[in-house]
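Undergrad: What follows is a structure written as structure tokens; I'll ask about it next.
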Amino acid sequence: MAALAAVAVKGFAMAKTAYAAIGGARTIATAASSIGQFKQGHEARKSKLRESQAYRDAAHRTMAATTRDIAEEDRKKDRMHSRAVAIAAASGGGVDDPSIVQALGELNAEGEYRVMSALWSGQNEAAGLQFRAEAARREGEAAFQIGVINAITAGYSTYQAFGGASSTVSSVPSGASSPVPAKPKTLTVFGNPKGYNG
């Protein structure tokens, strides 16, 4: 009889160890799947933020190049105007001659058009790059949020796959007696526990 009791105690201890191992495996699997999904979302956000920064840098370079283009077009405009004035003076005609004034006005308008065209082109390209940068940033934030949601979902799914709350380590396998004594019940008389002197 003592041998049978020893075998039963040993069997119960082995069952409890196996049960604890399953609970530990469930915990590890749940944590691993959640961390994996969270890390995936975090990496996606980092990638999109790098892409966003690259677009912002490209927009700044575009505006720097546009500034140089505008300065060059403005310099060309001034040089053409000066040359036209010099040619008009060398030809013996007056600079205030109506045909010369008209020609100079047309040269200035053409030069101003080139300056404004360079400015518009650069600003338009930079605005497109800034838009793409903002879109990439938003995609990164969305990817991170999806990663967090997937982490929670994956953790819950893994937890449920291992039996959920019904297979917690602290539970006792069916058929085994609980090592913790049950809490004694109190007798209630007219809404007060028996023995209450208040």
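To be explicit about the labels: the chains of the structure tokens are called A, B, and onward in the order shown, and within each one the residues are counted from 1, while ligands get numbers from 1 in the order they are shown.
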List the neighbours of Lys46 in chain A out to 9 Å using only C-alpha atoms; skip same-chain residues closer than 4 positions along the sequence, and give me the result as a PDB file with N, CA and C atoms, in the first residue's frame.
TA:
```
ATOM      1  N   GLY A  41       6.467  45.385 -37.033  1.00  0.00           N
ATOM      2  CA  GLY A  41       5.877  46.719 -37.173  1.00  0.00           C
ATOM      3  C   GLY A  41       6.880  47.819 -36.903  1.00  0.00           C
ATOM      4  N   HIS A  42       7.728  47.612 -35.897  1.00  0.00           N
ATOM      5  CA  HIS A  42       8.756  48.606 -35.552  1.00  0.00           C
ATOM      6  C   HIS A  42       9.756  48.762 -36.704  1.00  0.00           C
ATOM      7  N   ARG A  50      13.005  56.272 -42.642  1.00  0.00           N
ATOM      8  CA  ARG A  50      14.218  56.521 -43.435  1.00  0.00           C
ATOM      9  C   ARG A  50      13.847  56.984 -44.846  1.00  0.00           C
ATOM     10  N   GLU A  51      12.839  56.347 -45.428  1.00  0.00           N
ATOM     11  CA  GLU A  51      12.381  56.744 -46.757  1.00  0.00           C
ATOM     12  C   GLU A  51      11.844  58.171 -46.731  1.00  0.00           C
ATOM     13  N   GLY A 140       4.576  54.559 -42.312  1.00  0.00           N
ATOM     14  CA  GLY A 140       5.370  54.000 -41.230  1.00  0.00           C
ATOM     15  C   GLY A 140       4.592  53.929 -39.928  1.00  0.00           C
ATOM     16  N   PHE A 144       3.416  50.552 -37.914  1.00  0.00           N
ATOM     17  CA  PHE A 144       3.708  50.315 -36.501  1.00  0.00           C
ATOM     18  C   PHE A 144       2.437  49.967 -35.733  1.00  0.00           C
TER      19      PHE A 144
END
```
Undergrad: For Leu119 in chain A, list every protein, DNA or RNA residue within 9 Å, evaluated using only C-alpha atoms, and leave out those in the same chain fewer than 2 positions away; present the list as a PyMOL selection string.
TA: chain A and resi 63+66-67+69-70+114-117+121-124
Undergrad: For the residues in that selection, give me N, CA and C atoms as a CSV table (one decimal), in the first residue's frame.
TA:
```
chain,number,residue,atom,x,y,z
A,63,MET,N,15.4,72.5,-53.7
A,63,MET,CA,15.3,73.9,-53.5
A,63,MET,C,16.6,74.6,-53.6
A,66,THR,N,17.3,74.9,-57.1
A,66,THR,CA,16.4,75.9,-57.7
A,66,THR,C,16.9,77.3,-57.4
A,67,THR,N,17.4,77.5,-56.2
A,67,THR,CA,18.0,78.8,-55.8
A,67,THR,C,19.1,79.2,-56.8
A,69,ASP,N,19.6,78.0,-59.8
A,69,ASP,CA,19.1,78.2,-61.1
A,69,ASP,C,18.4,79.6,-61.3
A,70,ILE,N,17.7,80.0,-60.2
A,70,ILE,CA,17.1,81.4,-60.2
A,70,ILE,C,18.2,82.5,-60.3
A,114,ARG,N,11.8,83.5,-67.3
A,114,ARG,CA,12.7,82.4,-67.0
A,114,ARG,C,13.0,82.2,-65.5
A,115,VAL,N,13.1,83.3,-64.8
A,115,VAL,CA,13.4,83.3,-63.4
A,115,VAL,C,12.2,82.6,-62.7
A,116,MET,N,11.0,83.1,-63.0
A,116,MET,CA,9.8,82.6,-62.4
A,116,MET,C,9.5,81.1,-62.8
A,117,SER,N,9.8,80.8,-64.0
A,117,SER,CA,9.7,79.4,-64.4
A,117,SER,C,10.6,78.4,-63.7
A,121,SER,N,9.2,75.5,-61.2
A,121,SER,CA,9.6,74.2,-61.4
A,121,SER,C,10.2,73.6,-60.2
A,122,GLY,N,11.1,74.3,-59.5
A,122,GLY,CA,11.8,73.8,-58.3
A,122,GLY,C,10.8,73.6,-57.2
A,123,GLN,N,9.9,74.6,-57.0
A,123,GLN,CA,9.0,74.5,-55.9
A,123,GLN,C,8.0,73.4,-56.1
A,124,ASN,N,7.6,73.2,-57.4
A,124,ASN,CA,6.7,72.1,-57.7
A,124,ASN,C,7.3,70.7,-57.4
```
Undergrad: Rank nothing, just name the residue among A:Gly155, A:Pro98, A:Gly111, A:Gly147 nearest to Gln37 in chain A, using only C-alpha atoms.
TA: A:Gly147
Undergrad: Under the rule that only C-alpha atoms are counted, which of A:Glu112, A:Ala58, A:Val148, A:Ala88 is the nearest residue to Ala71 in chain A?
TA: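 For Ala71 in chain A, the nearest of the given residues is A:Glu112.
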Undergrad: Could you tell me how far CA of Arg45 in chain A lies from CA of Ala59 in chain A, in Å and to one decimal?
TA: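 These two atoms are separated by 20.9 Å.
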Undergrad: Which residue out of A:Ala126, A:Ala154, A:Ala86, A:Ala136 has the minimum interatomic distance to Ala32 in chain A when only C-alpha atoms are used?
TA: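 The answer is A:Ala154, which sits nearest to Ala32 in chain A.
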Undergrad: Taking into account only C-alpha atoms, which residue in the set A:Gly128, A:Glu43, A:Ala89, A:Met80 is nearest to Glu106 in chain A?
TA: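 Answer, going by the shortest atom-to-atom distance: A:Met80.
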Undergrad: Hey, what's within 12 Å of Arg138 in chain A if we count only C-alpha atoms and toss same-chain stuff fewer than 2 positions away? As a PyMOL selection string, please?
TA: chain A and resi 44-49+51-52+131-136+140-145
Undergrad: My list of candidates is A:Gln53, A:Gln160, A:Ala118, A:Thr153. Which is closest to Arg68 in chain A when distances are computed with only C-alpha atoms?
TA: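 Residue with the minimum atom-to-atom distance to Arg68 in chain A: A:Ala118.
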Undergrad: Rounded to one decimal in Å, what is the spacing between CA of Ala54 in chain A and CA of Glu72 in chain A?
TA: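 Atom-to-atom, CA of Ala54 in chain A and CA of Glu72 in chain A are spaced 27.0 Å apart.
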Undergrad: Select from range 85-128 of chain A everything DSSP, run on the backbone, classes as helix (DSSP H, G or I), then give the selection as JSON, numbers by chain.
TA: {"A": [85, 86, 87, 88, 89, 90, 98, 99, 100, 101, 102, 103, 104, 105, 106, 107, 108, 109, 110, 111, 112, 113, 114, 115, 116, 117, 118, 119, 120, 121, 122, 123, 124, 125, 126, 127, 128]}
Undergrad: For the residues in the current selection, export C-alpha atoms as a JSON list (two decimals), in the first residue's frame.
TA:
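The resulting file, selection.json, is reproduced below:
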```
[["chain", "number", "residue", "atom", "x", "y", "z"],
["A", 85, "VAL", "CA", 21.65, 98.85, -73.85],
["A", 86, "ALA", "CA", 25.32, 98.79, -74.99],
["A", 87, "ILE", "CA", 24.38, 97.79, -78.55],
["A", 88, "ALA", "CA", 21.69, 100.47, -78.71],
["A", 89, "ALA", "CA", 24.16, 103.11, -77.50],
["A", 90, "ALA", "CA", 26.86, 101.93, -79.92],
["A", 98, "PRO", "CA", 10.45, 103.74, -78.35],
["A", 99, "SER", "CA", 11.63, 100.69, -80.32],
["A", 100, "ILE", "CA", 14.65, 100.25, -78.00],
["A", 101, "VAL", "CA", 12.48, 100.70, -74.90],
["A", 102, "GLN", "CA", 10.07, 98.08, -76.25],
["A", 103, "ALA", "CA", 12.92, 95.65, -77.04],
["A", 104, "LEU", "CA", 14.44, 96.15, -73.59],
["A", 105, "GLY", "CA", 11.02, 95.61, -71.98],
["A", 106, "GLU", "CA", 10.60, 92.36, -73.92],
["A", 107, "LEU", "CA", 14.08, 91.20, -72.88],
["A", 108, "ASN", "CA", 13.29, 91.96, -69.24],
["A", 109, "ALA", "CA", 9.93, 90.16, -69.45],
["A", 110, "GLU", "CA", 11.61, 87.13, -71.05],
["A", 111, "GLY", "CA", 14.28, 87.09, -68.34],
["A", 112, "GLU", "CA", 11.69, 87.45, -65.57],
["A", 113, "TYR", "CA", 9.66, 84.63, -67.12],
["A", 114, "ARG", "CA", 12.72, 82.36, -67.03],
["A", 115, "VAL", "CA", 13.38, 83.26, -63.38],
["A", 116, "MET", "CA", 9.78, 82.58, -62.37],
["A", 117, "SER", "CA", 9.66, 79.39, -64.43],
["A", 118, "ALA", "CA", 12.76, 78.04, -62.66],
["A", 119, "LEU", "CA", 11.25, 78.97, -59.30],
["A", 120, "TRP", "CA", 7.91, 77.31, -60.08],
["A", 121, "SER", "CA", 9.58, 74.16, -61.41],
["A", 122, "GLY", "CA", 11.77, 73.80, -58.32],
["A", 123, "GLN", "CA", 8.97, 74.51, -55.87],
["A", 124, "ASN", "CA", 6.67, 72.08, -57.67],
["A", 125, "GLU", "CA", 9.26, 69.28, -57.55],
["A", 126, "ALA", "CA", 10.10, 70.00, -53.90],
["A", 127, "ALA", "CA", 6.41, 70.01, -52.95],
["A", 128, "GLY", "CA", 5.98, 66.61, -54.61]]
```
